[in-house]
Amino acid sequence: MQLKKYPIELFGDKTKTVHRKHKIRYISPIQFEQQQNANICGYTDLRLRKSKKHKEPIGVLSDNESDISYVYSTRSKTAAIKGYIKLKDTENKYIAITSNSILPWLLILLALLLLILISILSFCNKQHPGSPIFRPNIEHNTDTNEEKENEAKGIQVRGFTTWSIPANTSKNLSIPLENPEGNPCYFSFEILLSDSGEVIYSSDMVPPGEKISRINITREFDAGDYPATIKIKTNELTTGKEINSPAIQIIIHVS
């Protein structure tokens with residue numbers, strides 16, 4: 001079957017040289033949108049050889065001197081339209097110029113890379129499960145130590161033997177509970193009576209370099225001396241891992 005000839009008309013805002021000798025004029029997609037009642041009657045990739053992405057061509061694009069390329073009834077799904085060639089001796093009939101777009105292939109490549117990355121991360125998590133994120137419960141009733149420690153070696157603990165408080169009151173009591181500057185951990189304090197094990201105070205985590213100056217305890221005391229223990233729970237700053245739990249033996253002197 002003889003292929004239909006599609007002679008071109010030199011018209012448009014763009015110029016392209018095809019096969020090193022054919023200079024054709026065509027219009028851009030923007031200018032094409034401005035044409036009234038424009039009709040696309042075929043598609044071409046401006047190549048002389050037949051495209052494997054199409055079925056048999058429906059015609060041949062020609063400049064009246066020689067053939068330029070094949071014309072097809074449809075375009076490839078991955079091809080983009082770059083412009084339009086006006087046909088000679090016709091009213092608003094055009095051949096669309098197609099060009100393979102790399103965008104679909106880039107999207108496919110990105111999708112494959114994403115799947116590979118997800119697979120790698122999933123495998124790594126199974127082999128090396130990550131530790132849960134540690135969020136310390138910080139004690140808000142603190143202030144900064146006035147005295148700064150030199151570079152700490154290990155964990156520093158401020159010790160004392162007696163805590164003097166007034167009788168028959170449990171509010172706003174002064175006691176030096178501090179986490180010295182330079183410690184690699186949070187301190188959490190707990191005060192309990194040595195005889196009964198009753199916990200009369202517990203704190204949240206105190207960062208290094210801060211201290212609790214005043215506390216409220218759970219009960220009031222009559223005048224006298226009461227043996228007590230201050231237990232200190234220590235947790236690493238980044239992981240929250242418990243390091244050790246030192247204890248200080250004190251006498252609560254009530255007067």
# chains A, B, ... in the order shown; residues from 1 in each chain; ligands from 1

call {"tool": "residues_around", "arguments": {"residues": "A:Pro184", "least_positions_apart": "2", "cutoff": "8 Å", "atoms": "only C-alpha atoms", "output": "PyMOL selection string"}}
result
chain A and resi 154-155+182+186+208+236-237

call {"tool": "closest_residue", "arguments": {"among": "A:Pro246, A:Pro29, A:Pro136, A:Gly209", "to": "A:Asn183", "atoms": "only C-alpha atoms"}}
result
A:Gly209

call {"tool": "residues_around", "arguments": {"residues": "stretch 91-97 of chain A", "least_positions_apart": "5", "cutoff": "8 Å", "atoms": "only C-alpha atoms", "output": "PyMOL selection string"}}
result
chain A and resi 35-46+71+81-86

call {"tool": "select_by_dssp", "arguments": {"residues": "stretch 49-250 of chain A", "states": "strand (DSSP E)", "output": "PyMOL selection string"}}
result
chain A and resi 59-62+67-71+79-86+93-100+143-144+162-165+173-179+185-193+199-206+210-215+224-236+247-250

call {"tool": "write_last_selection", "arguments": {"atoms": "C-alpha atoms", "output": "tab-separated table (two decimals), in the first residue's frame"}}
result
chain	number	residue	atom	x	y	z
A	59	GLY	CA	2.25	8.44	5.50
A	60	VAL	CA	5.47	10.26	4.75
A	61	LEU	CA	6.32	13.85	5.65
A	62	SER	CA	7.72	15.63	2.58
A	67	ASP	CA	10.97	12.63	2.10
A	68	ILE	CA	11.75	13.82	5.62
A	69	SER	CA	10.24	11.22	7.95
A	70	TYR	CA	7.41	8.78	8.55
A	71	VAL	CA	4.03	9.86	9.92
A	79	ALA	CA	6.94	10.64	23.95
A	80	ALA	CA	6.33	14.34	24.47
A	81	ILE	CA	5.10	16.78	21.83
A	82	LYS	CA	7.75	19.40	21.02
A	83	GLY	CA	5.95	21.30	18.25
A	84	TYR	CA	3.63	21.19	15.22
A	85	ILE	CA	4.28	21.28	11.46
A	86	LYS	CA	1.60	22.92	9.30
A	93	LYS	CA	-4.05	20.76	9.79
A	94	TYR	CA	-0.83	19.87	11.58
A	95	ILE	CA	1.60	17.01	12.14
A	96	ALA	CA	2.80	16.82	15.75
A	97	ILE	CA	6.55	16.49	16.34
A	98	THR	CA	7.27	13.95	19.09
A	99	SER	CA	10.42	13.34	21.10
A	100	ASN	CA	11.16	10.66	23.63
A	143	ASP	CA	18.38	26.01	89.42
A	144	THR	CA	22.00	26.20	88.27
A	162	THR	CA	22.43	15.93	108.43
A	163	TRP	CA	19.32	17.63	107.08
A	164	SER	CA	17.78	20.13	109.50
A	165	ILE	CA	14.11	21.05	109.05
A	173	LEU	CA	11.97	22.76	102.82
A	174	SER	CA	15.57	23.64	102.02
A	175	ILE	CA	17.79	20.69	101.02
A	176	PRO	CA	20.83	20.56	98.71
A	177	LEU	CA	19.98	17.90	96.11
A	178	GLU	CA	22.29	18.57	93.19
A	179	ASN	CA	23.84	16.91	90.15
A	185	CYS	CA	24.16	11.32	83.56
A	186	TYR	CA	20.90	12.58	85.00
A	187	PHE	CA	20.22	12.27	88.74
A	188	SER	CA	16.82	11.28	90.19
A	189	PHE	CA	16.51	11.63	93.97
A	190	GLU	CA	14.41	9.62	96.40
A	191	ILE	CA	14.30	10.18	100.18
A	192	LEU	CA	13.01	7.36	102.39
A	193	LEU	CA	12.96	6.68	106.10
A	199	VAL	CA	9.27	7.26	100.69
A	200	ILE	CA	8.73	10.90	101.66
A	201	TYR	CA	10.07	12.51	98.46
A	202	SER	CA	10.96	11.59	94.87
A	203	SER	CA	12.12	13.82	92.02
A	204	ASP	CA	12.27	13.72	88.25
A	205	MET	CA	15.61	13.81	86.40
A	206	VAL	CA	18.05	16.60	87.22
A	210	GLU	CA	21.58	21.87	88.20
A	211	LYS	CA	20.19	21.38	91.68
A	212	ILE	CA	16.94	21.20	93.64
A	213	SER	CA	17.04	23.81	96.37
A	214	ARG	CA	13.61	23.39	97.99
A	215	ILE	CA	11.20	20.45	98.15
A	224	GLY	CA	13.56	14.57	116.95
A	225	ASP	CA	16.13	12.77	114.80
A	226	TYR	CA	15.07	10.42	112.02
A	227	PRO	CA	17.53	8.17	110.12
A	228	ALA	CA	16.93	8.40	106.37
A	229	THR	CA	18.46	7.40	103.05
A	230	ILE	CA	18.82	9.49	99.89
A	231	LYS	CA	18.88	7.15	96.92
A	232	ILE	CA	20.22	8.55	93.64
A	233	LYS	CA	19.20	6.93	90.36
A	234	THR	CA	21.54	7.73	87.45
A	235	ASN	CA	20.64	7.58	83.73
A	236	GLU	CA	22.94	8.19	80.75
A	247	ALA	CA	22.85	6.02	98.37
A	248	ILE	CA	23.62	8.56	101.11
A	249	GLN	CA	22.78	7.86	104.75
A	250	ILE	CA	21.64	11.00	106.61

call {"tool": "closest_residue", "arguments": {"among": "A:Ile108, A:Ile138, A:Leu113, A:Val157", "to": "A:Ser245", "atoms": "only C-alpha atoms"}}
result
A:Val157

call {"tool": "select_by_dssp", "arguments": {"residues": "stretch 11-243 of chain A", "states": "alpha helix (DSSP H)", "output": "PyMOL selection string"}}
result
chain A and resi 29-33+103-127

call {"tool": "write_last_selection", "arguments": {"atoms": "N, CA and C atoms", "output": "compact mmCIF listing (two decimals), in the first residue's frame"}}
result
# COMPACT_ATOMS: atom_id res chain seq x y z
N PRO A 29 4.29 24.55 20.99
CA PRO A 29 3.00 24.20 21.62
C PRO A 29 2.22 25.41 22.10
N ILE A 30 2.93 26.45 22.54
CA ILE A 30 2.23 27.66 23.00
C ILE A 30 1.51 28.34 21.84
N GLN A 31 2.23 28.46 20.68
CA GLN A 31 1.59 29.08 19.52
C GLN A 31 0.47 28.21 18.96
N PHE A 32 0.63 26.89 19.07
CA PHE A 32 -0.41 25.98 18.58
C PHE A 32 -1.72 26.18 19.33
N GLU A 33 -1.61 26.44 20.63
CA GLU A 33 -2.82 26.65 21.43
C GLU A 33 -3.58 27.88 20.99
N LEU A 103 11.59 11.84 31.29
CA LEU A 103 10.93 11.94 32.59
C LEU A 103 10.33 10.62 33.06
N PRO A 104 9.58 9.87 32.20
CA PRO A 104 9.04 8.59 32.70
C PRO A 104 10.13 7.63 33.15
N TRP A 105 11.26 7.62 32.42
CA TRP A 105 12.35 6.72 32.81
C TRP A 105 13.00 7.19 34.11
N LEU A 106 13.10 8.51 34.28
CA LEU A 106 13.65 9.01 35.53
C LEU A 106 12.74 8.64 36.71
N LEU A 107 11.44 8.75 36.51
CA LEU A 107 10.50 8.38 37.57
C LEU A 107 10.60 6.90 37.91
N ILE A 108 10.73 6.07 36.86
CA ILE A 108 10.88 4.63 37.10
C ILE A 108 12.17 4.36 37.86
N LEU A 109 13.27 5.04 37.45
CA LEU A 109 14.56 4.85 38.11
C LEU A 109 14.49 5.30 39.57
N LEU A 110 13.86 6.44 39.82
CA LEU A 110 13.73 6.91 41.19
C LEU A 110 12.91 5.95 42.04
N ALA A 111 11.85 5.40 41.45
CA ALA A 111 11.03 4.44 42.18
C ALA A 111 11.83 3.18 42.54
N LEU A 112 12.65 2.72 41.57
CA LEU A 112 13.48 1.54 41.84
C LEU A 112 14.51 1.83 42.93
N LEU A 113 15.13 3.02 42.85
CA LEU A 113 16.12 3.39 43.87
C LEU A 113 15.46 3.49 45.25
N LEU A 114 14.24 4.03 45.29
CA LEU A 114 13.52 4.14 46.55
C LEU A 114 13.21 2.76 47.13
N LEU A 115 12.79 1.83 46.27
CA LEU A 115 12.50 0.48 46.74
C LEU A 115 13.76 -0.19 47.27
N ILE A 116 14.89 0.03 46.57
CA ILE A 116 16.17 -0.55 47.02
C ILE A 116 16.56 0.03 48.37
N LEU A 117 16.40 1.37 48.52
CA LEU A 117 16.75 2.03 49.79
C LEU A 117 15.88 1.52 50.92
N ILE A 118 14.57 1.38 50.67
CA ILE A 118 13.67 0.87 51.71
C ILE A 118 14.05 -0.55 52.10
N SER A 119 14.42 -1.37 51.09
CA SER A 119 14.82 -2.75 51.37
C SER A 119 16.09 -2.80 52.22
N ILE A 120 17.06 -1.92 51.89
CA ILE A 120 18.31 -1.89 52.64
C ILE A 120 18.07 -1.46 54.08
N LEU A 121 17.26 -0.40 54.25
CA LEU A 121 16.97 0.08 55.60
C LEU A 121 16.21 -0.95 56.41
N SER A 122 15.28 -1.64 55.74
CA SER A 122 14.52 -2.68 56.44
C SER A 122 15.44 -3.82 56.88
N PHE A 123 16.37 -4.20 56.00
CA PHE A 123 17.32 -5.27 56.33
C PHE A 123 18.23 -4.85 57.48
N CYS A 124 18.71 -3.59 57.42
CA CYS A 124 19.61 -3.11 58.48
C CYS A 124 18.89 -3.04 59.82
N ASN A 125 17.61 -2.63 59.79
CA ASN A 125 16.86 -2.56 61.05
C ASN A 125 16.65 -3.94 61.65
N LYS A 126 16.47 -4.95 60.78
CA LYS A 126 16.29 -6.31 61.29
C LYS A 126 17.59 -6.84 61.88
N GLN A 127 18.72 -6.49 61.20
CA GLN A 127 20.01 -6.97 61.69
C GLN A 127 20.47 -6.20 62.92

call {"tool": "atom_distance", "arguments": {"atom1": "atom CA of A:Arg47", "atom2": "atom CA of A:Thr90"}}
result
23.2 Å

call {"tool": "atom_distance", "arguments": {"atom1": "atom CA of A:Ser51", "atom2": "atom CA of A:Lys88"}}
result
24.4 Å

call {"tool": "closest_residue", "arguments": {"among": "A:Tyr26, A:Tyr72, A:Phe221, A:Phe11", "to": "A:Pro57", "atoms": "only C-alpha atoms"}}
result
A:Tyr72

call {"tool": "closest_residue", "arguments": {"among": "A:Pro166, A:Arg25, A:Ile58, A:Glu139", "to": "A:Gly12", "atoms": "only C-alpha atoms"}}
result
A:Arg25
